[in-house]
Amino acid sequence: MSHLMIRPATSRLLRTLPLRRHSSLLRTNSSIPPNLALLLPTCKDLESARNELRWLREHVEKTTSPAKAPAVVTELCRQRGQGVPLQYILGTQPFGSLEILCRPNVLIPRAATESYTNHLLDLIISHNVIGPLDEIKESVNVIDVCTGTGCIPLQVFASLQRRNIMVDVKGVDVSPHALELAKDNLDHNVKQGNIASPREGQSIGFHKADVFRDDEMDIFSKPGQKTWHIMTSNPPYISEEVWSEDTGDVELSVRQHEPRLALVPERNLGDAPEGLERHDIFYSRLLDIAMELNPRILLLEIGDDAQALRVAEYCTRHPFCKSRIIELWRDCPDIKPDANEQTEIILESSDKDQGGFGRKVPIKGSGQLRAIYVQQPIESMDMGDRKIAC
Amino acid sequence: MPPSAPWICRTCLRALRQPLTRQFVRQATTAAGDSKLAPALLTRAQNLSAEYENLQSTLEKSFSQAAAKRAGEISSVAGALAAYNNSRSSIDDLTSLLADPDSDAELASIARDELATEEEKLVMLEKELGRSLAPKDQFDELPCMIEFRPGPGGTESRYFTDTLFNMYQSLCQRRGMRTNVLKYESADSAGDNKSAEGELPLQEAVLEILDPGAYGQFRTEAGMHRVQRVPSTEAKGRVHTSVAALWVLPLFPETGAGSSIDPDDPESEFYVDQSEVKVETMRARGAGGQHVNKTESAIRITHIPTGESVSMQDHRSQGRNRQEAWKILRSRIADKRREQREAEAAQLRDSVLTVNQIHRGEKIRTYNYNQDRCTDHRAGFDTNNLRDVLEGGESLDKVMAASREWMLQRDIEMLTLEEEAKQKKQQKK
């Protein structure tokens, strides 16, 4: 279990290396064009500086008159070099088939989030993990908690809509900035033609609610509410210590420009249950909510290997996960693992019901541990009036 | 008074026209004599035509999908052969009429005129028959992608590669074809280091042409393109020679619209087994997820059995990079398989074929700036409006048409050799 964790000392050392390399690079190679040199403090290597310069240039070409363009490019390079996120400068980030608008005060969608969302959609569409889609009576009901830009529910909606599947998607967030942006993102992608206007039987909406307030979350679980098929969440998961200490675990650009609310669980949220740390608090709460909503699939993003193992272990003890399948997904869940990447792990369960035996949890894909996936076994799914036999 | 234009008699006109067509036909044939069509080809056409008749009568009795398909494939040969035979027999009639000493003088004069027209027609019909016999490339109806890579020779060849890239892009624009830049990678100092002509030092580019049939139109453009000019970086004004290499790959149409090729069918040339492909991403050091906001989206995919590998970092989304890389990989593998198949076919005719063999590394075209000339070496075709060629204008259409004509004639020639080889084998038995 311990060899899955990355030793902080080593990782810190590794992270300082590229910095040193680039400063020596700047000294010895005077032929680097000035715009690239401006980007290097943030980009750290020429290859990615070159890519960013191209993207910045393409953006400026579209938005500025040719006469002003060179000056604007240089100005944007300067901003980027000082650590302003590229997505705030360009105003967008591609996410699956969508273009997601990005603004300060709302977390920028990450590549790993895109990967697991697409993988989840692949499982739903091609592998019947919520049962055959044409046998679902009403609509596929999806809820995303801590939705931010709305990228996950929007991509789920776009993807299912394209296959003419009835779908009802809800995004929930506590931040008014996020809700406003999520709604704008719906409009923006409808305008761009990435999403068709919802037809009959298809709906998507964003709602303000505090995950930690029962009265605000109740509306999603009140009696008579339909079946939830999928619940997803990318909650804040960075500890206050890591956030405030200058260990380099949180990139400077993130710390200076992205909203703390989306990244660090507030102190006043209470104490985490046994086995979890304070910054894992969202996971115990989300599992409790899952108990109420009873989704067929629960997918939660997690911060690092250590947190993944804590939360996975907590899951094995939580009633929601009883008789459900648990998997851990890496950054790229659909890429074959390297030879040195474990494909399963045995979690020691303290639960007496398990008879003291460890529970075997498969690990999918390649990269760092990035998400926990909990699924109702297909054979036990209640498909309206008949049970699906396996 | 005579009209202002000088009068030229019809026969003279025809005589003037003759060499052009003759030259053409000579390329397509190996046998001399009465018919300009190689006997081997004629035999093949007769065989196919007989097969067509048989199929037709079978189809009248009972329908079969396979028979109908085959009949559809060879119907053009049967049609072309019938027209050819028709023309041949009327020429025979006319010739015998003229040879008859008893025939009327007026009638003979009409017959002579008619014979001349008919002979001209025959030339066309022979060409038509050759065309119908020429093997159809199964990818001809597909869209395509063109890969551009500079040859050795530093910045100058990179600059020129960029010119070629722009040339084909403008051509497509003019023809109203839909294009898409899949990959465009210029060297280190991108954008800050343009040549005097405004060219970028292009390292690698992939242009996708989405119109069906683009592969058939562009496949003759594959090969080494040579440039001769004074580079903008050359202080002493010397002419340099550099090259750029172009690959033209068939592209599997995304929607599969109207195509009989299914990339998920293991028999398809585009089929790539997912489990044989290794996908690599930029491995992030240290923390990931929300902790960092990396913009690296590079991806590399490798087809393990062939070692074919594509890396892609043009798009900000890794998913998108991956899709595009797959597309290129599929096309490259399909092309490799086709090459393999062609090599097998070539073995058959190798015994007869030595001179005409085409080497992949040979230059196909030269763009000479000083002489304002573009030459296609295979077709032996020259044009003088280089500017218009490079701007993708109609002069480029002409160059491309000439190379396609060359390719067609070569295909017919190959077919003739193949047929002759086959028939020789049979005779030995």
# chains A, B, ... in the order shown; residues from 1 in each chain; ligands from 1

call {"tool": "residues_around", "arguments": {"residues": "Asp246 (chain A)", "least_positions_apart": "5", "cutoff": "12 Å", "atoms": "only C-alpha atoms", "output": "ChimeraX atom specification"}}
result
/A:12,240-241,251-252,255

call {"tool": "interface_residues", "arguments": {"of": "chain B", "to": "chain A", "cutoff": "6 Å", "atoms": "only C-alpha atoms", "output": "PyMOL selection string"}}
result
chain B and resi 286-287+289+291-292+317

call {"tool": "residues_around", "arguments": {"residues": "Gly130 (chain B)", "least_positions_apart": "4", "cutoff": "10 Å", "atoms": "only C-alpha atoms", "output": "ChimeraX atom specification"}}
result
/B:25,28-29,37-38,41-42,45,77,80-81,124-126,134-135,408-409,411-413,415-416

call {"tool": "residues_around", "arguments": {"residues": "Asp162 (chain B)", "least_positions_apart": "3", "cutoff": "9 Å", "atoms": "only C-alpha atoms", "output": "ChimeraX atom specification"}}
result
/B:148,150,157-159,165-167,186,199-203,205

call {"tool": "write_last_selection", "arguments": {"atoms": "C-alpha atoms", "output": "JSON list (two decimals), in the first residue's frame"}}
result
[["chain", "number", "residue", "atom", "x", "y", "z"],
["B", 148, "PHE", "CA", 4.46, 17.16, -45.73],
["B", 150, "PRO", "CA", 11.15, 18.68, -45.54],
["B", 157, "SER", "CA", 13.79, 22.94, -47.50],
["B", 158, "ARG", "CA", 11.52, 23.73, -44.54],
["B", 159, "TYR", "CA", 10.54, 27.02, -46.07],
["B", 165, "PHE", "CA", 1.58, 23.19, -47.98],
["B", 166, "ASN", "CA", 0.08, 26.56, -48.89],
["B", 167, "MET", "CA", -0.06, 25.56, -52.54],
["B", 186, "SER", "CA", 7.17, 24.59, -37.55],
["B", 199, "GLU", "CA", 7.25, 31.11, -45.40],
["B", 200, "LEU", "CA", 7.54, 29.39, -42.04],
["B", 201, "PRO", "CA", 10.20, 26.76, -41.39],
["B", 202, "LEU", "CA", 7.76, 23.86, -41.54],
["B", 203, "GLN", "CA", 8.83, 20.65, -39.87],
["B", 205, "ALA", "CA", 2.28, 19.08, -41.50]]

call {"tool": "closest_residue", "arguments": {"among": "B:Arg404, B:Arg229, B:Arg410, B:Arg316", "to": "Asn370 (chain B)", "atoms": "only C-alpha atoms"}}
result
B:Arg229

call {"tool": "closest_residue", "arguments": {"among": "B:Met145, B:Ala196, B:Ala78, B:Leu94", "to": "Thr233 (chain B)", "atoms": "only C-alpha atoms"}}
result
B:Ala196

call {"tool": "residues_around", "arguments": {"residues": "Arg163 (chain A)", "least_positions_apart": "3", "cutoff": "12 Å", "atoms": "only C-alpha atoms", "output": "compact mmCIF listing (two decimals) with all heavy atoms, in the first residue's frame"}}
result
# COMPACT_ATOMS: atom_id res chain seq x y z
N LEU A 121 -18.76 7.77 -19.85
CA LEU A 121 -19.75 7.78 -20.93
C LEU A 121 -19.60 6.54 -21.82
O LEU A 121 -20.58 5.95 -22.26
CB LEU A 121 -19.61 9.06 -21.75
CG LEU A 121 -20.19 10.29 -21.07
CD1 LEU A 121 -19.71 11.56 -21.72
CD2 LEU A 121 -21.72 10.21 -21.08
N ILE A 124 -21.22 3.69 -20.08
CA ILE A 124 -22.67 3.78 -20.09
C ILE A 124 -23.22 3.42 -21.47
O ILE A 124 -24.17 2.66 -21.60
CB ILE A 124 -23.13 5.23 -19.73
CG1 ILE A 124 -22.77 5.54 -18.28
CG2 ILE A 124 -24.62 5.39 -19.96
CD1 ILE A 124 -22.89 7.00 -17.94
N ILE A 125 -22.56 3.95 -22.51
CA ILE A 125 -23.10 3.80 -23.86
C ILE A 125 -22.74 2.43 -24.46
O ILE A 125 -23.58 1.77 -25.05
CB ILE A 125 -22.59 4.95 -24.76
CG1 ILE A 125 -23.24 6.25 -24.30
CG2 ILE A 125 -22.93 4.69 -26.22
CD1 ILE A 125 -22.54 7.49 -24.76
N SER A 126 -21.50 2.01 -24.26
CA SER A 126 -21.09 0.78 -24.95
C SER A 126 -21.05 -0.44 -24.05
O SER A 126 -20.91 -1.56 -24.54
CB SER A 126 -19.70 0.97 -25.57
OG SER A 126 -19.67 2.15 -26.33
N LEU A 133 -29.53 0.91 -22.53
CA LEU A 133 -30.14 2.25 -22.49
C LEU A 133 -31.56 2.27 -23.04
O LEU A 133 -32.39 3.06 -22.59
CB LEU A 133 -29.25 3.23 -23.28
CG LEU A 133 -27.92 3.55 -22.59
CD1 LEU A 133 -27.05 4.41 -23.48
CD2 LEU A 133 -28.15 4.26 -21.26
N ASP A 134 -31.85 1.38 -23.99
CA ASP A 134 -33.20 1.42 -24.55
C ASP A 134 -34.22 0.77 -23.61
O ASP A 134 -35.41 0.78 -23.88
CB ASP A 134 -33.23 0.77 -25.94
CG ASP A 134 -32.53 -0.57 -25.96
OD1 ASP A 134 -32.20 -1.06 -24.86
OD2 ASP A 134 -32.33 -1.13 -27.06
N VAL A 156 -21.87 15.02 -20.38
CA VAL A 156 -22.76 13.87 -20.28
C VAL A 156 -24.02 14.14 -21.09
O VAL A 156 -24.46 13.30 -21.89
CB VAL A 156 -23.11 13.58 -18.80
CG1 VAL A 156 -24.23 12.53 -18.71
CG2 VAL A 156 -21.88 13.11 -18.04
N PHE A 157 -24.56 15.33 -20.93
CA PHE A 157 -25.79 15.69 -21.65
C PHE A 157 -25.56 15.65 -23.16
O PHE A 157 -26.32 15.01 -23.90
CB PHE A 157 -26.26 17.08 -21.22
CG PHE A 157 -27.56 17.49 -21.86
CD1 PHE A 157 -28.76 17.00 -21.39
CD2 PHE A 157 -27.58 18.36 -22.94
CE1 PHE A 157 -29.96 17.36 -21.98
CE2 PHE A 157 -28.77 18.73 -23.54
CZ PHE A 157 -29.96 18.22 -23.06
N ALA A 158 -24.47 16.31 -23.61
CA ALA A 158 -24.20 16.38 -25.05
C ALA A 158 -24.04 14.99 -25.64
O ALA A 158 -24.55 14.69 -26.72
CB ALA A 158 -22.94 17.20 -25.30
N SER A 159 -23.34 14.15 -24.90
CA SER A 159 -23.02 12.83 -25.44
C SER A 159 -24.26 11.93 -25.52
O SER A 159 -24.44 11.21 -26.50
CB SER A 159 -21.95 12.22 -24.55
OG SER A 159 -21.52 11.02 -25.06
N LEU A 160 -25.10 11.96 -24.48
CA LEU A 160 -26.29 11.11 -24.49
C LEU A 160 -27.34 11.67 -25.45
O LEU A 160 -28.03 10.93 -26.14
CB LEU A 160 -26.87 10.97 -23.08
CG LEU A 160 -25.95 10.27 -22.07
CD1 LEU A 160 -26.62 10.18 -20.71
CD2 LEU A 160 -25.59 8.87 -22.56
N MET A 166 -33.13 9.77 -23.85
CA MET A 166 -33.80 10.71 -22.95
C MET A 166 -32.88 10.91 -21.74
O MET A 166 -32.36 9.94 -21.19
CB MET A 166 -35.11 10.10 -22.48
CG MET A 166 -36.00 9.70 -23.62
SD MET A 166 -37.43 10.73 -23.69
CE MET A 166 -38.49 9.82 -22.60
N VAL A 167 -32.72 12.15 -21.37
CA VAL A 167 -31.74 12.41 -20.32
C VAL A 167 -32.15 13.63 -19.50
O VAL A 167 -32.69 14.61 -20.02
CB VAL A 167 -30.33 12.57 -20.97
CG1 VAL A 167 -30.31 13.69 -21.99
CG2 VAL A 167 -29.26 12.77 -19.94
N ILE A 195 -24.10 21.43 -28.58
CA ILE A 195 -25.26 20.87 -27.89
C ILE A 195 -26.48 21.35 -28.66
O ILE A 195 -26.54 22.51 -29.05
CB ILE A 195 -25.32 21.39 -26.42
CG1 ILE A 195 -24.17 20.81 -25.60
CG2 ILE A 195 -26.66 21.05 -25.78
CD1 ILE A 195 -24.15 21.25 -24.16
N ALA A 196 -27.43 20.44 -28.88
CA ALA A 196 -28.69 20.88 -29.51
C ALA A 196 -29.61 21.37 -28.39
O ALA A 196 -29.48 20.93 -27.24
CB ALA A 196 -29.32 19.72 -30.26
N GLN A 202 -35.65 15.67 -22.67
CA GLN A 202 -34.25 15.97 -22.36
C GLN A 202 -34.23 17.29 -21.58
O GLN A 202 -34.84 18.26 -22.00
CB GLN A 202 -33.44 16.15 -23.64
CG GLN A 202 -33.43 14.91 -24.51
CD GLN A 202 -32.63 15.14 -25.79
OE1 GLN A 202 -32.46 16.27 -26.22
NE2 GLN A 202 -32.16 14.06 -26.38

call {"tool": "closest_residue", "arguments": {"among": "A:Lys322, A:His257, A:Lys208, A:Arg296", "to": "Asn293 (chain B)", "atoms": "only C-alpha atoms"}}
result
A:His257

call {"tool": "select_by_dssp", "arguments": {"residues": "region 195-376 of chain B", "states": "alpha helix (DSSP H)", "output": "JSON, numbers by chain"}}
result
{"B": [214, 215, 216, 217, 218, 318, 319, 320, 321, 322, 323, 324, 325, 326, 327, 328, 329, 330, 331, 332, 333, 334, 335, 336, 337, 338, 339, 340, 341, 342, 343, 344, 345, 346, 347, 348, 349]}

call {"tool": "residues_around", "arguments": {"residues": "region 324-340 of chain B", "least_positions_apart": "3", "cutoff": "10 Å", "atoms": "only C-alpha atoms", "output": "VMD selection string"}}
result
chain B and resid 137 to 139 144 to 145 147 182 to 183 206 208 247 to 254 263 268 to 272 277 299 to 303 306 308 to 315 318 to 321 343 to 346

call {"tool": "select_by_dssp", "arguments": {"residues": "region 165-280 of chain A", "states": "strand (DSSP E)", "output": "PyMOL selection string"}}
result
chain A and resi 167-173+202-208+230-233

call {"tool": "atom_distance", "arguments": {"atom1": "CA of Val361 (chain A)", "atom2": "CA of Glu327 (chain A)"}}
result
5.6 Å
